[in-house]
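> Sending over coords_34.txt (compact mmCIF, N, CA and C atoms).
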```txt
# COMPACT_ATOMS: atom_id res chain seq x y z
N MET W 1 -29.42 -30.25 1.49
CA MET W 1 -28.30 -30.88 0.79
C MET W 1 -28.72 -31.45 -0.56
N ARG W 2 -29.94 -31.26 -0.95
CA ARG W 2 -30.38 -31.86 -2.22
C ARG W 2 -29.83 -31.13 -3.43
N TRP W 3 -29.54 -29.86 -3.32
CA TRP W 3 -29.04 -29.10 -4.48
C TRP W 3 -27.62 -28.59 -4.28
N LEU W 4 -27.15 -28.52 -3.07
CA LEU W 4 -25.84 -27.94 -2.79
C LEU W 4 -24.67 -28.67 -3.47
N PRO W 5 -24.65 -30.00 -3.56
CA PRO W 5 -23.53 -30.66 -4.25
C PRO W 5 -23.44 -30.33 -5.73
N LEU W 6 -24.50 -29.81 -6.30
CA LEU W 6 -24.45 -29.44 -7.72
C LEU W 6 -23.54 -28.23 -7.97
N LEU W 7 -23.32 -27.42 -6.95
CA LEU W 7 -22.48 -26.23 -7.11
C LEU W 7 -21.04 -26.58 -7.49
N PRO W 8 -20.31 -27.41 -6.72
CA PRO W 8 -18.96 -27.76 -7.16
C PRO W 8 -18.95 -28.60 -8.43
N MET W 9 -20.01 -29.39 -8.65
CA MET W 9 -20.07 -30.17 -9.88
C MET W 9 -20.18 -29.26 -11.09
N ALA W 10 -20.95 -28.20 -10.97
CA ALA W 10 -21.08 -27.25 -12.07
C ALA W 10 -19.78 -26.51 -12.33
N PHE W 11 -19.07 -26.15 -11.26
CA PHE W 11 -17.77 -25.49 -11.44
C PHE W 11 -16.76 -26.43 -12.09
N GLY W 12 -16.76 -27.71 -11.70
CA GLY W 12 -15.86 -28.68 -12.32
C GLY W 12 -16.17 -28.86 -13.80
N ALA W 13 -17.46 -28.95 -14.13
CA ALA W 13 -17.85 -29.08 -15.53
C ALA W 13 -17.50 -27.80 -16.31
N GLY W 14 -17.68 -26.67 -15.68
CA GLY W 14 -17.32 -25.41 -16.33
C GLY W 14 -15.83 -25.29 -16.58
N LEU W 15 -15.03 -25.80 -15.65
CA LEU W 15 -13.58 -25.79 -15.84
C LEU W 15 -13.18 -26.65 -17.02
N ILE W 16 -13.78 -27.83 -17.13
CA ILE W 16 -13.49 -28.71 -18.26
C ILE W 16 -13.94 -28.07 -19.56
N PHE W 17 -15.14 -27.51 -19.57
CA PHE W 17 -15.66 -26.88 -20.78
C PHE W 17 -14.80 -25.71 -21.23
N SER W 18 -14.43 -24.86 -20.28
CA SER W 18 -13.64 -23.68 -20.67
C SER W 18 -12.24 -24.08 -21.14
N ALA W 19 -11.67 -25.15 -20.55
CA ALA W 19 -10.35 -25.60 -20.99
C ALA W 19 -10.40 -26.19 -22.39
N THR W 20 -11.51 -26.82 -22.75
CA THR W 20 -11.62 -27.37 -24.09
C THR W 20 -12.08 -26.35 -25.12
N ALA W 21 -12.83 -25.35 -24.69
CA ALA W 21 -13.37 -24.36 -25.63
C ALA W 21 -12.32 -23.36 -26.10
N PHE W 22 -11.43 -22.96 -25.21
CA PHE W 22 -10.40 -21.99 -25.58
C PHE W 22 -9.20 -22.15 -24.65
N PRO W 23 -8.02 -21.72 -25.09
CA PRO W 23 -6.85 -21.80 -24.21
C PRO W 23 -7.03 -20.86 -23.01
N VAL W 24 -6.85 -21.39 -21.83
CA VAL W 24 -7.03 -20.58 -20.62
C VAL W 24 -5.67 -20.38 -19.95
N PRO W 25 -5.49 -19.26 -19.27
CA PRO W 25 -4.23 -19.04 -18.56
C PRO W 25 -4.09 -20.02 -17.40
N HIS W 26 -2.85 -20.25 -17.01
CA HIS W 26 -2.57 -21.23 -15.95
C HIS W 26 -3.20 -20.84 -14.62
N MET W 27 -3.31 -19.56 -14.35
CA MET W 27 -3.90 -19.11 -13.09
C MET W 27 -5.39 -19.47 -13.01
N PHE W 28 -6.01 -19.72 -14.14
CA PHE W 28 -7.42 -20.08 -14.16
C PHE W 28 -7.66 -21.40 -13.43
N TYR W 29 -6.67 -22.29 -13.45
CA TYR W 29 -6.80 -23.58 -12.80
C TYR W 29 -6.72 -23.45 -11.28
N ALA W 30 -6.29 -22.33 -10.77
CA ALA W 30 -6.25 -22.11 -9.32
C ALA W 30 -7.65 -22.02 -8.73
N VAL W 31 -8.65 -21.81 -9.58
CA VAL W 31 -10.05 -21.77 -9.12
C VAL W 31 -10.45 -23.12 -8.54
N ALA W 32 -9.79 -24.18 -8.98
CA ALA W 32 -10.17 -25.52 -8.55
C ALA W 32 -9.89 -25.76 -7.07
N GLY W 33 -8.93 -25.08 -6.49
CA GLY W 33 -8.62 -25.27 -5.08
C GLY W 33 -9.79 -24.96 -4.17
N PRO W 34 -10.36 -23.76 -4.24
CA PRO W 34 -11.53 -23.48 -3.42
C PRO W 34 -12.74 -24.34 -3.77
N ILE W 35 -12.87 -24.71 -5.03
CA ILE W 35 -13.98 -25.58 -5.43
C ILE W 35 -13.85 -26.94 -4.73
N MET W 36 -12.63 -27.48 -4.70
CA MET W 36 -12.41 -28.76 -4.03
C MET W 36 -12.67 -28.64 -2.53
N ALA W 37 -12.31 -27.51 -1.94
CA ALA W 37 -12.57 -27.30 -0.51
C ALA W 37 -14.06 -27.26 -0.23
N VAL W 38 -14.82 -26.59 -1.08
CA VAL W 38 -16.28 -26.54 -0.91
C VAL W 38 -16.88 -27.93 -1.08
N ALA W 39 -16.41 -28.67 -2.08
CA ALA W 39 -16.92 -30.03 -2.30
C ALA W 39 -16.61 -30.93 -1.10
N ALA W 40 -15.41 -30.81 -0.56
CA ALA W 40 -15.05 -31.61 0.61
C ALA W 40 -15.89 -31.22 1.83
N ALA W 41 -16.14 -29.93 2.01
CA ALA W 41 -16.96 -29.49 3.13
C ALA W 41 -18.39 -30.00 3.00
N ILE W 42 -18.91 -30.01 1.79
CA ILE W 42 -20.26 -30.54 1.57
C ILE W 42 -20.29 -32.03 1.89
N ALA W 43 -19.27 -32.76 1.45
CA ALA W 43 -19.22 -34.20 1.71
C ALA W 43 -19.08 -34.49 3.20
N MET W 44 -18.29 -33.67 3.91
CA MET W 44 -18.09 -33.90 5.34
C MET W 44 -19.31 -33.55 6.17
N ASN W 45 -20.20 -32.72 5.65
CA ASN W 45 -21.40 -32.33 6.37
C ASN W 45 -22.66 -32.94 5.77
N GLY W 46 -22.50 -33.80 4.78
CA GLY W 46 -23.64 -34.38 4.07
C GLY W 46 -24.20 -35.61 4.74
N PRO W 47 -25.07 -36.30 4.03
CA PRO W 47 -25.74 -37.47 4.62
C PRO W 47 -24.81 -38.66 4.83
N LEU W 48 -23.66 -38.69 4.20
CA LEU W 48 -22.72 -39.80 4.37
C LEU W 48 -21.53 -39.41 5.24
N SER W 49 -21.69 -38.41 6.08
CA SER W 49 -20.56 -37.85 6.81
C SER W 49 -20.15 -38.67 8.03
N LYS W 50 -21.05 -39.42 8.61
CA LYS W 50 -20.67 -40.17 9.82
C LYS W 50 -19.88 -41.43 9.43
N PRO W 51 -19.12 -41.99 10.36
CA PRO W 51 -18.34 -43.20 10.05
C PRO W 51 -19.24 -44.37 9.64
N SER W 52 -18.79 -45.15 8.70
CA SER W 52 -19.61 -46.25 8.19
C SER W 52 -19.76 -47.37 9.20
N ILE W 53 -18.93 -47.42 10.22
CA ILE W 53 -19.05 -48.46 11.25
C ILE W 53 -20.35 -48.31 12.04
N ASP W 54 -20.89 -47.08 12.08
CA ASP W 54 -22.12 -46.80 12.82
C ASP W 54 -23.39 -47.01 11.98
N ASP W 55 -23.24 -47.43 10.73
CA ASP W 55 -24.39 -47.57 9.84
C ASP W 55 -25.23 -48.78 10.19
N ASP W 56 -26.56 -48.62 10.08
CA ASP W 56 -27.42 -49.79 10.13
C ASP W 56 -27.52 -50.36 8.71
N GLU W 57 -28.37 -51.36 8.49
CA GLU W 57 -28.43 -52.01 7.18
C GLU W 57 -28.88 -51.06 6.09
N TRP W 58 -29.86 -50.21 6.37
CA TRP W 58 -30.37 -49.28 5.37
C TRP W 58 -29.32 -48.24 5.02
N GLU W 59 -28.64 -47.70 6.01
CA GLU W 59 -27.60 -46.70 5.75
C GLU W 59 -26.41 -47.31 5.02
N ALA W 60 -26.06 -48.55 5.34
CA ALA W 60 -24.97 -49.22 4.63
C ALA W 60 -25.33 -49.44 3.17
N ALA W 61 -26.57 -49.81 2.91
CA ALA W 61 -27.02 -49.99 1.52
C ALA W 61 -27.03 -48.65 0.79
N LEU W 62 -27.47 -47.59 1.47
CA LEU W 62 -27.47 -46.27 0.86
C LEU W 62 -26.05 -45.83 0.52
N ARG W 63 -25.11 -46.03 1.43
CA ARG W 63 -23.71 -45.67 1.20
C ARG W 63 -23.13 -46.46 0.02
N LYS W 64 -23.40 -47.77 0.00
CA LYS W 64 -22.90 -48.61 -1.08
C LYS W 64 -23.48 -48.18 -2.42
N ASN W 65 -24.79 -47.93 -2.46
CA ASN W 65 -25.44 -47.52 -3.70
C ASN W 65 -24.95 -46.15 -4.17
N ALA W 66 -24.71 -45.24 -3.23
CA ALA W 66 -24.23 -43.91 -3.59
C ALA W 66 -22.86 -43.97 -4.25
N PHE W 67 -21.96 -44.75 -3.66
CA PHE W 67 -20.62 -44.86 -4.24
C PHE W 67 -20.63 -45.68 -5.51
N ALA W 68 -21.48 -46.70 -5.60
CA ALA W 68 -21.57 -47.49 -6.84
C ALA W 68 -22.12 -46.63 -7.98
N PHE W 69 -23.15 -45.83 -7.69
CA PHE W 69 -23.69 -44.93 -8.71
C PHE W 69 -22.64 -43.93 -9.16
N SER W 70 -21.91 -43.37 -8.22
CA SER W 70 -20.87 -42.38 -8.55
C SER W 70 -19.80 -42.99 -9.43
N MET W 71 -19.33 -44.17 -9.08
CA MET W 71 -18.29 -44.82 -9.87
C MET W 71 -18.80 -45.19 -11.26
N ALA W 72 -20.03 -45.67 -11.33
CA ALA W 72 -20.59 -46.02 -12.64
C ALA W 72 -20.74 -44.78 -13.51
N PHE W 73 -21.23 -43.69 -12.93
CA PHE W 73 -21.40 -42.46 -13.70
C PHE W 73 -20.06 -41.93 -14.19
N LEU W 74 -19.07 -41.90 -13.31
CA LEU W 74 -17.76 -41.40 -13.71
C LEU W 74 -17.10 -42.32 -14.73
N ALA W 75 -17.26 -43.63 -14.58
CA ALA W 75 -16.67 -44.55 -15.54
C ALA W 75 -17.29 -44.37 -16.92
N ILE W 76 -18.60 -44.30 -16.98
CA ILE W 76 -19.26 -44.14 -18.28
C ILE W 76 -18.91 -42.80 -18.91
N SER W 77 -18.93 -41.73 -18.12
CA SER W 77 -18.62 -40.42 -18.69
C SER W 77 -17.17 -40.34 -19.16
N ASN W 78 -16.24 -40.99 -18.47
CA ASN W 78 -14.85 -40.97 -18.90
C ASN W 78 -14.61 -41.91 -20.08
N ILE W 79 -15.33 -43.02 -20.14
CA ILE W 79 -15.20 -43.92 -21.28
C ILE W 79 -15.71 -43.27 -22.55
N VAL W 80 -16.79 -42.51 -22.43
CA VAL W 80 -17.34 -41.81 -23.59
C VAL W 80 -16.57 -40.53 -23.87
N GLY W 81 -16.28 -39.77 -22.83
CA GLY W 81 -15.65 -38.45 -23.00
C GLY W 81 -14.18 -38.52 -23.38
N GLY W 82 -13.46 -39.54 -22.92
CA GLY W 82 -12.03 -39.65 -23.23
C GLY W 82 -11.75 -39.74 -24.72
N PRO W 83 -12.37 -40.68 -25.44
CA PRO W 83 -12.15 -40.73 -26.88
C PRO W 83 -12.61 -39.49 -27.63
N ILE W 84 -13.71 -38.89 -27.17
CA ILE W 84 -14.17 -37.65 -27.81
C ILE W 84 -13.12 -36.56 -27.63
N LEU W 85 -12.56 -36.48 -26.45
CA LEU W 85 -11.51 -35.49 -26.19
C LEU W 85 -10.27 -35.78 -27.03
N LEU W 86 -9.87 -37.03 -27.14
CA LEU W 86 -8.72 -37.39 -27.97
C LEU W 86 -8.96 -37.06 -29.44
N LEU W 87 -10.17 -37.32 -29.94
CA LEU W 87 -10.48 -36.97 -31.33
C LEU W 87 -10.47 -35.46 -31.54
N THR W 88 -10.94 -34.71 -30.55
CA THR W 88 -10.91 -33.25 -30.63
C THR W 88 -9.48 -32.73 -30.68
N VAL W 89 -8.62 -33.31 -29.85
CA VAL W 89 -7.21 -32.92 -29.84
C VAL W 89 -6.58 -33.22 -31.19
N ALA W 90 -6.85 -34.40 -31.72
CA ALA W 90 -6.26 -34.78 -33.01
C ALA W 90 -6.80 -33.92 -34.15
N GLN W 91 -8.07 -33.60 -34.11
CA GLN W 91 -8.67 -32.82 -35.18
C GLN W 91 -8.17 -31.38 -35.21
N HIS W 92 -8.00 -30.78 -34.04
CA HIS W 92 -7.60 -29.38 -33.98
C HIS W 92 -6.09 -29.19 -33.87
N GLY W 93 -5.35 -30.25 -33.60
CA GLY W 93 -3.90 -30.15 -33.51
C GLY W 93 -3.44 -29.21 -32.40
N TRP W 94 -3.99 -29.38 -31.21
CA TRP W 94 -3.63 -28.51 -30.10
C TRP W 94 -2.18 -28.69 -29.71
N ALA W 95 -1.61 -27.65 -29.14
CA ALA W 95 -0.24 -27.72 -28.62
C ALA W 95 -0.23 -28.56 -27.34
N VAL W 96 0.94 -29.05 -27.01
CA VAL W 96 1.08 -29.91 -25.83
C VAL W 96 0.66 -29.17 -24.57
N GLU W 97 0.97 -27.91 -24.47
CA GLU W 97 0.62 -27.12 -23.28
C GLU W 97 -0.89 -27.08 -23.07
N ARG W 98 -1.64 -26.93 -24.15
CA ARG W 98 -3.10 -26.89 -24.03
C ARG W 98 -3.66 -28.27 -23.68
N VAL W 99 -3.07 -29.32 -24.24
CA VAL W 99 -3.52 -30.67 -23.94
C VAL W 99 -3.29 -30.99 -22.46
N VAL W 100 -2.15 -30.56 -21.94
CA VAL W 100 -1.87 -30.78 -20.52
C VAL W 100 -2.87 -30.00 -19.66
N GLY W 101 -3.21 -28.79 -20.07
CA GLY W 101 -4.20 -28.00 -19.33
C GLY W 101 -5.57 -28.67 -19.33
N VAL W 102 -5.96 -29.22 -20.47
CA VAL W 102 -7.25 -29.91 -20.55
C VAL W 102 -7.22 -31.17 -19.69
N ALA W 103 -6.12 -31.90 -19.72
CA ALA W 103 -6.01 -33.10 -18.88
C ALA W 103 -6.08 -32.74 -17.40
N PHE W 104 -5.44 -31.65 -17.01
CA PHE W 104 -5.49 -31.21 -15.62
C PHE W 104 -6.91 -30.78 -15.25
N ALA W 105 -7.59 -30.08 -16.14
CA ALA W 105 -8.98 -29.68 -15.89
C ALA W 105 -9.87 -30.91 -15.79
N LEU W 106 -9.62 -31.91 -16.61
CA LEU W 106 -10.39 -33.14 -16.54
C LEU W 106 -10.17 -33.86 -15.21
N PHE W 107 -8.93 -33.89 -14.76
CA PHE W 107 -8.63 -34.49 -13.46
C PHE W 107 -9.35 -33.74 -12.34
N LEU W 108 -9.27 -32.43 -12.34
CA LEU W 108 -9.92 -31.65 -11.29
C LEU W 108 -11.44 -31.78 -11.35
N GLY W 109 -11.99 -31.80 -12.56
CA GLY W 109 -13.43 -32.00 -12.71
C GLY W 109 -13.87 -33.36 -12.19
N ASN W 110 -13.09 -34.39 -12.51
CA ASN W 110 -13.41 -35.73 -12.01
C ASN W 110 -13.34 -35.78 -10.49
N MET W 111 -12.38 -35.10 -9.91
CA MET W 111 -12.27 -35.10 -8.45
C MET W 111 -13.46 -34.39 -7.80
N THR W 112 -13.90 -33.27 -8.35
CA THR W 112 -15.05 -32.59 -7.77
C THR W 112 -16.31 -33.45 -7.91
N TRP W 113 -16.45 -34.12 -9.03
CA TRP W 113 -17.62 -34.99 -9.22
C TRP W 113 -17.53 -36.21 -8.31
N PHE W 114 -16.32 -36.76 -8.13
CA PHE W 114 -16.14 -37.92 -7.26
C PHE W 114 -16.51 -37.60 -5.82
N VAL W 115 -16.20 -36.39 -5.38
CA VAL W 115 -16.50 -35.99 -4.00
C VAL W 115 -17.96 -35.57 -3.86
N SER W 116 -18.55 -35.00 -4.90
CA SER W 116 -19.89 -34.42 -4.79
C SER W 116 -21.03 -35.38 -5.15
N LEU W 117 -20.78 -36.36 -5.98
CA LEU W 117 -21.86 -37.25 -6.41
C LEU W 117 -22.44 -38.12 -5.29
N PRO W 118 -21.62 -38.75 -4.42
CA PRO W 118 -22.25 -39.57 -3.36
C PRO W 118 -23.17 -38.79 -2.43
N PRO W 119 -22.79 -37.59 -1.94
CA PRO W 119 -23.76 -36.85 -1.10
C PRO W 119 -25.00 -36.43 -1.88
N LEU W 120 -24.84 -36.12 -3.17
CA LEU W 120 -26.00 -35.75 -3.97
C LEU W 120 -26.96 -36.93 -4.10
N TYR W 121 -26.42 -38.09 -4.43
CA TYR W 121 -27.25 -39.30 -4.56
C TYR W 121 -27.93 -39.63 -3.23
N ALA W 122 -27.15 -39.63 -2.15
CA ALA W 122 -27.71 -40.00 -0.85
C ALA W 122 -28.76 -39.01 -0.38
N SER W 123 -28.55 -37.73 -0.64
CA SER W 123 -29.53 -36.75 -0.18
C SER W 123 -30.85 -36.89 -0.92
N TRP W 124 -30.81 -37.33 -2.17
CA TRP W 124 -32.06 -37.52 -2.90
C TRP W 124 -32.74 -38.84 -2.54
N LYS W 125 -31.98 -39.81 -2.02
CA LYS W 125 -32.57 -41.08 -1.62
C LYS W 125 -33.10 -41.07 -0.19
N LEU W 126 -32.65 -40.12 0.61
CA LEU W 126 -33.15 -40.02 1.99
C LEU W 126 -34.60 -39.55 1.97
N PRO W 127 -35.39 -40.00 2.93
CA PRO W 127 -36.78 -39.53 2.99
C PRO W 127 -36.81 -38.04 3.32
N ARG W 128 -37.74 -37.36 2.70
CA ARG W 128 -37.89 -35.92 2.93
C ARG W 128 -38.72 -35.70 4.18
N PHE W 129 -38.25 -34.83 5.06
CA PHE W 129 -38.97 -34.53 6.28
C PHE W 129 -40.02 -33.47 6.00
N SER W 130 -41.16 -33.61 6.66
CA SER W 130 -42.20 -32.60 6.53
C SER W 130 -41.89 -31.43 7.45
N GLU W 131 -42.62 -30.38 7.33
CA GLU W 131 -42.43 -29.19 8.16
C GLU W 131 -42.64 -29.50 9.64
N ASP W 132 -43.52 -30.44 9.97
CA ASP W 132 -43.82 -30.78 11.35
C ASP W 132 -42.68 -31.54 12.02
N GLU W 133 -41.91 -32.34 11.26
CA GLU W 133 -40.87 -33.18 11.81
C GLU W 133 -39.57 -32.43 12.07
N SER W 134 -39.35 -31.33 11.41
CA SER W 134 -38.07 -30.62 11.58
C SER W 134 -38.07 -29.65 12.71
```
Is it possible to express this structure as C-alpha cells?

Amino acid sequence: MRWLPLLPMAFGAGLIFSATAFPVPHMFYAVAGPIMAVAAAIAMNGPLSKPSIDDDEWEAALRKNAFAFSMAFLAISNIVGGPILLLTVAQHGWAVERVVGVAFALFLGNMTWFVSLPPLYASWKLPRFSEDES
C-alpha cells in the first residue's frame, strides 16, 4: 500500500492539468468515476480501513496525523493553486464553459487526493515488515 494510493492521485492531477492545458470534451470527465472508485477501494482496504473505535493510542495518533496532514496539504495547495488558477483564467479570457470544466476537474482532483492521501501517509508511517514476519 505504499505506492498504490499514488495511482488515483496521479490521475486526479492529470485531470486537472489536462483541463487547464487545453479544452477537453465533457466525456473526458467521466474518467473520474472509475478513478474515484479505485481511490475508495484503496482507502477501504488500506491501513486506516478498520473502525476507529477499535484503535489503540498509536493507531489513533496515526489516524489523526494522517487526516491532519491530508487537510493541511489540500488547504495549502488550494490556497496557492486557487489564485494561480484565477489569474490564468483572467489572463487567457477563457469561456465560461471551460472555467466550469476546470472547476469540476479541480473538485474531482481534490476528492481523489482527499481519499488517497490518508492511506498513503499511514502506509508510510507504519513499520515495514521484514520477509521473515510476513
> Show me a table, sorted first by chain and then by increasing residue number, of the residues of range 40-105 of chain W having an atom at most 8 Å from range 27-36 of chain W, each with its shortest atom pair and the distance in Å to one decimal, counting all atoms listed in the file and written as a tab-separated table.

```
residue	atom	partner	partner_atom	distance
W:Ala40	N	W:Met36	C	4.0
W:Ala41	N	W:Met36	C	5.9
W:Ile42	N	W:Met36	C	7.7
W:Phe104	C	W:Tyr29	CA	7.6
W:Ala105	CA	W:Tyr29	CA	7.2
```
> Calculated over all atoms listed in the file, which of the candidates W:Leu117, W:Met71, W:Leu108, W:Leu86 has the smallest distance to Ala13 in chain W?
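Smallest distance to Ala13 in chain W is found for W:Leu108.
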> List every residue of range 2-122 of chain W that DSSP, applied to the backbone of this structure, assigns to alpha helix (DSSP H), and report them as JSON, numbers by chain.
{"W": [6, 7, 8, 9, 10, 11, 12, 13, 14, 15, 16, 17, 18, 19, 20, 21, 32, 33, 34, 35, 36, 37, 38, 39, 40, 41, 42, 43, 44, 45, 57, 58, 59, 60, 61, 62, 63, 64, 65, 66, 67, 68, 69, 70, 71, 72, 73, 74, 75, 76, 77, 78, 79, 80, 81, 82, 83, 84, 85, 86, 87, 88, 89, 90, 91, 92, 96, 97, 98, 99, 100, 101, 102, 103, 104, 105, 106, 107, 108, 109, 110, 111, 112, 113, 114, 115, 116, 117, 118, 119, 120, 121, 122]}
> Out of W:Arg98, W:Lys64, W:Lys125, W:Lys50, which residue has the shortest atom-to-atom distance to Val24 in chain W when counting all atoms listed in the file?
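Ranked by minimum distance to Val24 in chain W, first place goes to W:Arg98.
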> Considering only C-alpha atoms, state which residue in the set W:Leu62, W:Ile16, W:Leu7, W:Ala68 is at the smallest distance from Leu126 in chain W.
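Smallest separation from Leu126 in chain W among the options: W:Leu62.
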> Could you complete range 74-83 of chain W so that it carries all heavy atoms, and give it back as a PDB file, in the coordinates of the input?

```pdb
ATOM      1  N   LEU W  74     -19.070 -41.900 -13.310  1.00  0.00           N
ATOM      2  CA  LEU W  74     -17.760 -41.400 -13.710  1.00  0.00           C
ATOM      3  C   LEU W  74     -17.100 -42.320 -14.730  1.00  0.00           C
ATOM      4  O   LEU W  74     -16.439 -41.845 -15.663  1.00  0.00           O
ATOM      5  CB  LEU W  74     -16.863 -41.228 -12.483  1.00  0.00           C
ATOM      6  CG  LEU W  74     -17.189 -40.034 -11.607  1.00  0.00           C
ATOM      7  CD1 LEU W  74     -16.370 -40.074 -10.331  1.00  0.00           C
ATOM      8  CD2 LEU W  74     -16.953 -38.739 -12.358  1.00  0.00           C
ATOM      9  N   ALA W  75     -17.260 -43.630 -14.580  1.00  0.00           N
ATOM     10  CA  ALA W  75     -16.670 -44.550 -15.540  1.00  0.00           C
ATOM     11  C   ALA W  75     -17.290 -44.370 -16.920  1.00  0.00           C
ATOM     12  O   ALA W  75     -16.564 -44.271 -17.922  1.00  0.00           O
ATOM     13  CB  ALA W  75     -16.865 -45.995 -15.057  1.00  0.00           C
ATOM     14  N   ILE W  76     -18.600 -44.300 -16.980  1.00  0.00           N
ATOM     15  CA  ILE W  76     -19.260 -44.140 -18.280  1.00  0.00           C
ATOM     16  C   ILE W  76     -18.910 -42.800 -18.910  1.00  0.00           C
ATOM     17  O   ILE W  76     -18.605 -42.721 -20.103  1.00  0.00           O
ATOM     18  CB  ILE W  76     -20.786 -44.304 -18.131  1.00  0.00           C
ATOM     19  CG1 ILE W  76     -21.107 -45.763 -17.821  1.00  0.00           C
ATOM     20  CG2 ILE W  76     -21.517 -43.855 -19.381  1.00  0.00           C
ATOM     21  CD1 ILE W  76     -22.534 -46.013 -17.412  1.00  0.00           C
ATOM     22  N   SER W  77     -18.930 -41.730 -18.120  1.00  0.00           N
ATOM     23  CA  SER W  77     -18.620 -40.420 -18.690  1.00  0.00           C
ATOM     24  C   SER W  77     -17.170 -40.340 -19.160  1.00  0.00           C
ATOM     25  O   SER W  77     -16.875 -39.697 -20.177  1.00  0.00           O
ATOM     26  CB  SER W  77     -18.921 -39.310 -17.686  1.00  0.00           C
ATOM     27  OG  SER W  77     -18.090 -39.411 -16.563  1.00  0.00           O
ATOM     28  N   ASN W  78     -16.240 -40.990 -18.470  1.00  0.00           N
ATOM     29  CA  ASN W  78     -14.850 -40.970 -18.900  1.00  0.00           C
ATOM     30  C   ASN W  78     -14.610 -41.910 -20.080  1.00  0.00           C
ATOM     31  O   ASN W  78     -13.764 -41.625 -20.926  1.00  0.00           O
ATOM     32  CB  ASN W  78     -13.916 -41.311 -17.742  1.00  0.00           C
ATOM     33  CG  ASN W  78     -13.723 -40.129 -16.827  1.00  0.00           C
ATOM     34  OD1 ASN W  78     -13.220 -39.100 -17.237  1.00  0.00           O
ATOM     35  ND2 ASN W  78     -14.143 -40.267 -15.585  1.00  0.00           N
ATOM     36  N   ILE W  79     -15.330 -43.020 -20.140  1.00  0.00           N
ATOM     37  CA  ILE W  79     -15.200 -43.920 -21.280  1.00  0.00           C
ATOM     38  C   ILE W  79     -15.710 -43.270 -22.550  1.00  0.00           C
ATOM     39  O   ILE W  79     -15.132 -43.425 -23.623  1.00  0.00           O
ATOM     40  CB  ILE W  79     -15.925 -45.256 -20.992  1.00  0.00           C
ATOM     41  CG1 ILE W  79     -15.135 -46.065 -19.959  1.00  0.00           C
ATOM     42  CG2 ILE W  79     -16.129 -46.066 -22.263  1.00  0.00           C
ATOM     43  CD1 ILE W  79     -15.871 -47.279 -19.432  1.00  0.00           C
ATOM     44  N   VAL W  80     -16.790 -42.510 -22.430  1.00  0.00           N
ATOM     45  CA  VAL W  80     -17.340 -41.810 -23.590  1.00  0.00           C
ATOM     46  C   VAL W  80     -16.570 -40.530 -23.870  1.00  0.00           C
ATOM     47  O   VAL W  80     -16.218 -40.226 -25.017  1.00  0.00           O
ATOM     48  CB  VAL W  80     -18.842 -41.511 -23.388  1.00  0.00           C
ATOM     49  CG1 VAL W  80     -19.381 -40.615 -24.477  1.00  0.00           C
ATOM     50  CG2 VAL W  80     -19.623 -42.804 -23.320  1.00  0.00           C
ATOM     51  N   GLY W  81     -16.280 -39.770 -22.830  1.00  0.00           N
ATOM     52  CA  GLY W  81     -15.650 -38.450 -23.000  1.00  0.00           C
ATOM     53  C   GLY W  81     -14.180 -38.520 -23.380  1.00  0.00           C
ATOM     54  O   GLY W  81     -13.677 -37.634 -24.084  1.00  0.00           O
ATOM     55  N   GLY W  82     -13.460 -39.540 -22.920  1.00  0.00           N
ATOM     56  CA  GLY W  82     -12.030 -39.650 -23.230  1.00  0.00           C
ATOM     57  C   GLY W  82     -11.750 -39.740 -24.720  1.00  0.00           C
ATOM     58  O   GLY W  82     -10.954 -38.952 -25.258  1.00  0.00           O
ATOM     59  N   PRO W  83     -12.370 -40.680 -25.440  1.00  0.00           N
ATOM     60  CA  PRO W  83     -12.150 -40.730 -26.880  1.00  0.00           C
ATOM     61  C   PRO W  83     -12.610 -39.490 -27.630  1.00  0.00           C
ATOM     62  O   PRO W  83     -11.974 -39.064 -28.596  1.00  0.00           O
ATOM     63  CB  PRO W  83     -12.944 -41.965 -27.320  1.00  0.00           C
ATOM     64  CG  PRO W  83     -13.012 -42.818 -26.113  1.00  0.00           C
ATOM     65  CD  PRO W  83     -13.084 -41.862 -24.956  1.00  0.00           C
TER      66      PRO W  83
END
```
